[in-house]
>>> print(open('data24.txt').read())   # compact mmCIF, C-alpha atoms
# COMPACT_ATOMS: atom_id res chain seq x y z
CA MET A 1 64.01 134.90 56.66
CA ARG A 2 65.86 134.46 59.95
CA PHE A 3 64.01 137.47 61.40
CA THR A 4 60.67 135.97 60.40
CA GLY A 5 61.65 132.61 61.86
CA ASP A 6 62.70 134.26 65.13
CA LYS A 7 59.38 136.09 65.37
CA VAL A 8 57.39 132.91 64.74
CA PHE A 9 59.45 131.03 67.33
CA LYS A 10 58.99 133.83 69.87
CA VAL A 11 55.22 133.91 69.38
CA LEU A 12 55.00 130.11 69.52
CA VAL A 13 56.95 129.92 72.78
CA ALA A 14 54.86 132.73 74.28
CA VAL A 15 51.65 130.89 73.39
CA ILE A 16 52.94 127.68 74.94
CA ALA A 17 53.95 129.52 78.10
CA ALA A 18 50.57 131.27 78.29
CA SER A 19 48.76 127.95 77.95
CA ALA A 20 49.68 127.05 81.54
CA LEU A 21 48.01 130.21 82.81
CA ALA A 22 45.03 129.60 80.53
CA ILE A 23 44.56 126.07 81.88
CA LEU A 24 44.67 127.38 85.46
CA ILE A 25 42.13 130.11 84.72
CA ILE A 26 39.79 127.72 82.90
CA THR A 27 40.04 125.20 85.73
CA GLY A 28 39.35 127.83 88.37
CA TYR A 29 36.42 129.23 86.40
CA THR A 30 34.88 125.78 85.87
CA LEU A 31 35.16 124.90 89.56
CA SER A 32 33.80 128.30 90.60
CA VAL A 33 30.75 127.99 88.36
CA GLY A 34 30.11 124.41 89.43
CA SER A 35 30.33 125.23 93.13
CA MET A 36 28.25 128.41 92.95
CA PRO A 37 24.99 126.85 94.26
CA VAL A 38 26.56 125.58 97.48
CA LEU A 39 28.59 128.78 97.96
CA GLN A 40 25.48 130.91 97.58
CA LYS A 41 23.65 128.91 100.23
CA PHE A 42 26.41 128.44 102.83
CA GLY A 43 28.87 131.25 102.07
CA LEU A 44 32.04 131.05 104.15
CA ASN A 45 30.41 128.42 106.37
CA PHE A 46 31.04 126.01 103.52
CA PHE A 47 34.78 126.29 104.20
CA PHE A 48 34.57 126.53 108.02
CA GLY A 49 31.61 124.29 108.81
CA GLN A 50 32.22 120.95 110.53
CA GLN A 51 29.36 118.82 109.21
CA TRP A 52 29.11 117.05 105.88
CA SER A 53 25.81 115.31 105.17
CA PRO A 54 25.01 114.75 101.48
CA ALA A 55 21.89 112.68 102.25
CA ALA A 56 18.78 113.90 100.45
CA GLY A 57 16.58 116.06 102.65
CA ARG A 58 19.43 116.90 105.04
CA GLU A 59 22.12 118.43 102.91
CA ILE A 60 24.66 120.17 105.13
CA PHE A 61 28.17 120.81 103.87
CA GLY A 62 31.24 122.00 105.76
CA LEU A 63 34.85 121.43 104.70
CA LEU A 64 36.84 122.29 107.83
CA PRO A 65 37.51 118.67 108.96
CA TYR A 66 38.75 117.78 105.49
CA ILE A 67 40.91 120.87 105.14
CA LEU A 68 42.51 120.09 108.50
CA GLY A 69 42.88 116.44 107.48
CA THR A 70 44.71 117.51 104.32
CA LEU A 71 47.04 119.74 106.32
CA ALA A 72 47.64 117.02 108.93
CA THR A 73 48.58 114.29 106.46
CA SER A 74 50.73 116.68 104.42
CA GLY A 75 52.50 117.91 107.55
CA ILE A 76 53.27 114.33 108.63
CA ALA A 77 54.57 113.60 105.13
CA LEU A 78 56.98 116.53 105.32
CA LEU A 79 58.15 115.77 108.85
CA ILE A 80 59.03 112.20 107.88
CA GLY A 81 59.85 112.48 104.20
CA VAL A 82 62.03 115.60 104.03
CA PRO A 83 64.79 114.43 106.45
CA LEU A 84 64.92 111.04 104.70
CA SER A 85 65.08 112.71 101.29
CA LEU A 86 67.87 115.07 102.34
CA GLY A 87 69.79 112.17 103.87
CA ILE A 88 69.52 110.23 100.60
CA ALA A 89 70.59 113.24 98.53
CA ILE A 90 73.56 114.05 100.77
CA PHE A 91 74.72 110.43 100.82
CA LEU A 92 74.52 110.07 97.04
CA VAL A 93 76.40 113.30 96.30
CA GLU A 94 78.88 113.61 99.15
CA MET A 95 79.60 110.12 100.43
CA ALA A 96 78.51 107.25 98.17
CA PRO A 97 81.08 105.61 95.88
CA ARG A 98 80.23 105.71 92.20
CA SER A 99 79.44 101.99 92.21
CA LEU A 100 76.53 102.75 94.56
CA ARG A 101 75.64 106.28 93.47
CA VAL A 102 74.34 105.41 90.01
CA PRO A 103 72.16 102.38 90.85
CA ILE A 104 70.70 103.97 93.99
CA SER A 105 69.90 107.14 92.04
CA TYR A 106 68.05 105.05 89.45
CA LEU A 107 66.13 103.22 92.16
CA VAL A 108 65.09 106.44 93.88
CA GLU A 109 63.88 107.92 90.60
CA LEU A 110 62.10 104.67 89.78
CA LEU A 111 59.99 105.05 92.92
CA ALA A 112 58.41 108.15 91.38
CA ALA A 113 57.01 106.01 88.55
CA VAL A 114 55.14 103.66 90.87
CA PRO A 115 51.38 104.35 90.62
CA SER A 116 49.76 105.67 93.77
CA VAL A 117 47.29 102.78 93.86
CA ILE A 118 50.25 100.39 94.22
CA TYR A 119 51.45 102.36 97.23
CA GLY A 120 47.93 102.15 98.57
CA LEU A 121 47.71 98.37 98.15
CA TRP A 122 51.14 97.86 99.70
CA GLY A 123 50.23 100.17 102.54
CA LEU A 124 46.92 98.40 103.12
CA PHE A 125 48.28 94.85 103.25
CA VAL A 126 51.87 95.33 104.48
CA PHE A 127 52.71 98.79 105.80
CA ARG A 128 49.55 99.09 107.89
CA GLY A 129 50.49 96.10 110.07
CA PHE A 130 54.02 97.43 110.54
CA MET A 131 52.70 100.83 111.60
CA VAL A 132 50.26 99.38 114.14
CA THR A 133 52.72 96.92 115.71
CA TYR A 134 55.96 98.87 115.83
CA ILE A 135 55.03 102.55 115.75
CA GLU A 136 51.44 103.42 116.63
CA THR A 137 50.98 100.99 119.53
CA PRO A 138 54.20 102.00 121.37
CA ILE A 139 53.45 105.70 120.83
CA SER A 140 49.89 105.24 122.09
CA LYS A 141 51.14 103.30 125.11
CA TYR A 142 53.68 105.85 126.28
CA LEU A 143 52.32 109.10 124.83
CA GLY A 144 48.61 108.38 124.81
CA TRP A 145 48.05 111.11 127.39
CA ILE A 146 48.80 113.64 124.63
CA PRO A 147 45.54 114.35 122.75
CA ILE A 148 46.98 113.91 119.26
CA PHE A 149 48.25 110.42 120.22
CA SER A 150 45.10 109.28 122.01
CA GLY A 151 42.76 106.59 120.77
CA GLU A 152 43.18 102.96 119.76
CA PRO A 153 45.59 102.47 116.83
CA GLY A 154 44.05 100.58 113.97
CA GLY A 155 46.28 101.36 111.01
CA LEU A 156 43.58 103.04 108.94
CA ASP A 157 44.11 106.53 110.25
CA ILE A 158 45.68 109.92 109.63
CA PHE A 159 49.13 108.88 110.82
CA THR A 160 49.38 105.89 108.45
CA ALA A 161 48.12 107.99 105.54
CA GLY A 162 50.72 110.66 106.31
CA ALA A 163 53.48 108.05 106.56
CA ILE A 164 52.62 106.55 103.16
CA LEU A 165 52.61 110.08 101.71
CA ALA A 166 56.09 110.58 103.15
CA ILE A 167 57.30 107.54 101.20
CA MET A 168 55.62 108.85 98.05
CA ILE A 169 57.27 112.29 98.17
CA ILE A 170 60.78 110.93 98.80
CA PRO A 171 61.61 110.38 95.08
CA THR A 172 60.64 113.95 94.17
CA VAL A 173 62.39 115.70 97.05
CA ALA A 174 65.46 113.44 96.99
CA SER A 175 66.01 113.67 93.22
CA ILE A 176 65.74 117.46 93.08
CA SER A 177 67.81 117.92 96.24
CA LYS A 178 70.50 115.66 94.76
CA GLU A 179 70.70 117.83 91.66
CA VAL A 180 70.84 121.00 93.76
CA ILE A 181 73.62 119.66 95.98
CA SER A 182 75.52 118.40 92.93
CA SER A 183 75.43 121.91 91.43
CA VAL A 184 77.25 123.44 94.41
CA PRO A 185 80.71 124.48 93.08
CA ASN A 186 83.59 122.34 94.30
CA SER A 187 85.50 125.54 95.07
CA ILE A 188 83.15 126.09 98.01
CA ARG A 189 83.90 122.66 99.42
CA GLU A 190 87.63 123.04 98.84
CA GLY A 191 87.66 126.44 100.51
CA ALA A 192 85.86 125.04 103.55
CA TYR A 193 88.21 122.08 103.81
CA SER A 194 91.20 124.40 103.52
CA ILE A 195 90.25 126.17 106.76
CA GLY A 196 89.91 122.88 108.63
CA ALA A 197 86.19 122.18 108.35
CA THR A 198 85.00 118.62 108.79
CA LYS A 199 82.77 116.77 106.34
CA TRP A 200 79.71 117.46 108.53
CA GLU A 201 80.57 121.15 108.81
CA VAL A 202 81.08 121.50 105.06
CA ILE A 203 77.71 119.91 104.33
CA LYS A 204 75.82 121.78 107.04
CA ARG A 205 77.33 125.28 106.79
CA TRP A 206 78.30 125.55 103.14
CA VAL A 207 76.66 122.98 100.87
CA ILE A 208 73.16 123.07 102.40
CA SER A 209 73.34 126.83 102.90
CA TYR A 210 74.32 127.45 99.29
CA GLY A 211 71.59 125.25 97.88
CA ARG A 212 68.86 125.99 100.40
CA SER A 213 66.61 127.80 97.94
CA GLY A 214 66.63 124.84 95.56
CA ILE A 215 66.09 122.40 98.42
CA PHE A 216 63.18 124.51 99.63
CA GLY A 217 61.71 124.37 96.14
CA ALA A 218 62.03 120.57 96.20
CA VAL A 219 60.19 120.46 99.52
CA ILE A 220 57.36 122.57 98.10
CA LEU A 221 57.03 120.24 95.12
CA GLY A 222 56.82 117.33 97.52
CA LEU A 223 54.20 119.18 99.55
CA GLY A 224 52.21 119.80 96.38
CA ARG A 225 52.08 116.08 95.70
CA ALA A 226 51.14 115.30 99.29
CA VAL A 227 48.28 117.80 99.27
CA GLY A 228 46.78 116.49 96.04
CA GLU A 229 47.41 112.75 96.45
CA THR A 230 44.19 110.75 96.27
CA MET A 231 44.21 106.97 95.86
CA ALA A 232 46.75 105.91 98.48
CA VAL A 233 45.27 108.30 101.04
CA THR A 234 41.72 107.16 100.30
CA MET A 235 42.73 103.55 100.90
CA LEU A 236 44.56 104.17 104.19
CA ILE A 237 43.01 107.15 105.98
CA GLY A 238 39.85 105.33 107.10
CA ASN A 239 37.35 107.63 105.33
CA ALA A 240 35.65 108.81 108.49
CA THR A 241 32.09 110.09 108.39
CA SER A 242 31.38 113.80 108.67
CA PHE A 243 30.71 113.64 112.41
CA SER A 244 34.02 111.95 113.23
CA ALA A 245 36.27 113.36 110.52
CA MET A 246 37.70 116.18 112.64
CA PRO A 247 41.39 115.23 113.11
CA THR A 248 41.53 115.38 116.92
CA SER A 249 43.98 112.45 117.05
CA LEU A 250 46.48 111.08 114.56
CA PHE A 251 45.27 107.56 115.37
CA ASN A 252 41.66 108.28 114.39
CA PRO A 253 40.24 107.78 110.90
CA GLY A 254 39.90 110.96 108.88
CA GLN A 255 39.59 112.30 105.38
CA THR A 256 41.33 114.78 103.14
CA LEU A 257 39.77 116.96 100.47
CA SER A 258 40.99 114.65 97.72
CA SER A 259 39.77 111.47 99.45
CA LEU A 260 36.42 113.13 100.14
CA ILE A 261 35.95 113.86 96.44
CA ALA A 262 37.16 110.46 95.29
CA SER A 263 34.99 108.48 97.69
CA GLY A 264 31.79 110.49 97.43
CA ILE A 265 31.28 112.38 94.20
CA LEU A 266 29.96 109.38 92.26
CA ASP A 267 27.34 108.81 94.97
CA ALA A 268 26.09 112.40 95.00
CA SER A 269 22.33 112.12 95.37
CA SER A 270 21.42 115.53 93.95
CA PRO A 271 22.84 118.36 91.82
CA PHE A 272 23.30 120.37 95.01
CA ALA A 273 25.45 117.63 96.58
CA TYR A 274 27.40 117.39 93.33
CA SER A 275 28.03 121.13 93.58
CA ALA A 276 29.40 120.63 97.10
CA TYR A 277 31.99 118.13 95.87
CA ILE A 278 33.01 120.54 93.12
CA GLY A 279 33.37 123.18 95.86
CA ALA A 280 35.72 120.81 97.67
CA GLY A 281 37.81 120.71 94.50
CA LEU A 282 37.81 124.51 94.43
CA ALA A 283 39.06 124.58 98.03
CA LEU A 284 41.82 122.13 97.11
CA LEU A 285 42.84 124.34 94.19
CA PHE A 286 42.97 127.37 96.48
CA MET A 287 45.14 125.48 98.96
CA SER A 288 47.60 124.53 96.22
CA LEU A 289 47.76 128.12 94.98
CA ILE A 290 48.31 129.47 98.48
CA ILE A 291 51.12 126.98 99.08
CA ASN A 292 52.89 127.86 95.84
CA VAL A 293 52.45 131.62 96.21
CA GLY A 294 53.64 131.45 99.81
CA ALA A 295 56.65 129.40 98.79
CA HIS A 296 57.53 131.91 96.08
CA PHE A 297 57.28 134.72 98.65
CA VAL A 298 59.59 132.90 101.06
CA MET A 299 62.14 132.14 98.36
CA THR A 300 62.27 135.73 97.09
CA ARG A 301 62.02 137.57 100.41
CA VAL A 302 63.74 135.30 102.92
CA PHE A 303 66.36 133.55 100.81
CA LYS A 304 66.89 136.66 98.63
CA VAL A 305 67.80 134.70 95.54
CA LYS A 306 69.46 136.89 92.94
CA GLY A 307 71.14 135.60 89.82
CA GLY A 308 71.18 132.04 91.17
CA ALA A 309 73.17 132.95 94.29
CA ILE A 310 72.12 133.65 97.85
CA GLU A 311 73.13 136.83 99.52
>>> encode(input="data24.txt", output="structure tokens")
Amino acid sequence: MRFTGDKVFKVLVAVIAASALAILIITGYTLSVGSMPVLQKFGLNFFFGQQWSPAAGREIFGLLPYILGTLATSGIALLIGVPLSLGIAIFLVEMAPRSLRVPISYLVELLAAVPSVIYGLWGLFVFRGFMVTYIETPISKYLGWIPIFSGEPGGLDIFTAGAILAIMIIPTVASISKEVISSVPNSIREGAYSIGATKWEVIKRWVISYGRSGIFGAVILGLGRAVGETMAVTMLIGNATSFSAMPTSLFNPGQTLSSLIASGILDASSPFAYSAYIGAGLALLFMSLIINVGAHFVMTRVFKVKGGAIE
């Protein structure tokens, strides 16, 4: 009877594990079929074209500005969010007293439960003004000669959208990084202290080095959320038209693939335009797959993770 139960359990677990792959395949197939009309007409120009005009009689579709907008906002989110997340994780594990560690950990994890539309509303009515007054205007004043910082700051732009994404990925990256740093054996810390290392040296050379693969995985999860985030970005990025959506400056309005779909698919004027929005979803799926596959390659080839340890 035990043998039969083990076989049933093994088959059941295998089916559950295979369901994730099945969902991915079904999703990819559905998006591929739905986007076939626009792909047949435009080919690769659909992904590298710079114009997007869904108006009836002049249907031209190119995703390059929106792909670059997605990469720009996600890159800003990582540049701002990852250092803050690591700082939070290091403080909670290595420095904070227990009286602070537990409540702050709960608060950080609670941020992950806040709906994205709430972040968008807060960003629209509060954070936007802060960004324009204290960050974008000074940067534009002193660094406006740099093309990516040119233009008149208005708050509804790529930089603000990236900054709100940075806040949104902090709970994910900080929580996972905290668990990774907590799992570093105390013997490593004690050995480092025994040879005269300072607190900073122990954290930098031993703790972070030991857990770098797990921290990198946390960063990739945060990047995955930044790439696919929709509502907050749609509310703060400005939703530029196709002819001004190319992200030439961080202070200009733009769009991402997800905001493009959210703001336009319900207004598609024809089946062909509807197919173009489905194609944008297919491009977003490909981007997510490329990010995850690339991250797996880096973790296995660069970090050389074997048996949970780093060589």
>>> residues_around(input="data24.txt", residues="Arg58 (chain A)", least_positions_apart="6", cutoff="12 Å", atoms="only C-alpha atoms", output="MDAnalysis selection string")
chainID A and resid 51:52 269:270 272:273
>>> write_last_selection(input="data24.txt", atoms="C-alpha atoms", output="PDB file, keeping the file's coordinate frame")
ATOM      1  CA  GLN A  51      29.360 118.820 109.210  1.00  0.00           C
ATOM      2  CA  TRP A  52      29.110 117.050 105.880  1.00  0.00           C
ATOM      3  CA  SER A 269      22.330 112.120  95.370  1.00  0.00           C
ATOM      4  CA  SER A 270      21.420 115.530  93.950  1.00  0.00           C
ATOM      5  CA  PHE A 272      23.300 120.370  95.010  1.00  0.00           C
ATOM      6  CA  ALA A 273      25.450 117.630  96.580  1.00  0.00           C
TER       7      ALA A 273
END
>>> closest_residue(input="data24.txt", among="A:Leu63, A:Ile169, A:Lys178, A:Ser32", to="Val102 (chain A)", atoms="only C-alpha atoms")
A:Lys178
>>> closest_residue(input="data24.txt", among="A:Gly224, A:Gly34, A:Gly69, A:Pro247", to="Ile290 (chain A)", atoms="only C-alpha atoms")
A:Gly224
>>> atom_distance(input="data24.txt", atom1="CA of Leu257 (chain A)", atom2="CA of Gln50 (chain A)")
13.2 Å
>>> closest_residue(input="data24.txt", among="A:Ser213, A:Ser183, A:Asn252, A:Gly28", to="Ser140 (chain A)", atoms="only C-alpha atoms")
A:Asn252
>>> closest_residue(input="data24.txt", among="A:Pro153, A:Glu94, A:Ser288, A:Glu59", to="Asn186 (chain A)", atoms="only C-alpha atoms")
A:Glu94
>>> closest_residue(input="data24.txt", among="A:Val184, A:Ala197, A:Val114, A:Met131", to="Pro171 (chain A)", atoms="only C-alpha atoms")
A:Val114
>>> residues_around(input="data24.txt", residues="Val180 (chain A)", least_positions_apart="3", cutoff="8 Å", atoms="all atoms listed in the file", output="list in words")
Ile176, Ser177, Ser183, Val184, Gly211, Gly214 and Ile215 of chain A
>>> atom_distance(input="data24.txt", atom1="CA of Leu78 (chain A)", atom2="CA of Thr160 (chain A)")
13.4 Å
>>> closest_residue(input="data24.txt", among="A:Ile25, A:Leu39, A:Val13, A:Val82", to="Ile167 (chain A)", atoms="only C-alpha atoms")
A:Val82
>>> atom_distance(input="data24.txt", atom1="CA of Ser259 (chain A)", atom2="CA of Glu109 (chain A)")
25.9 Å
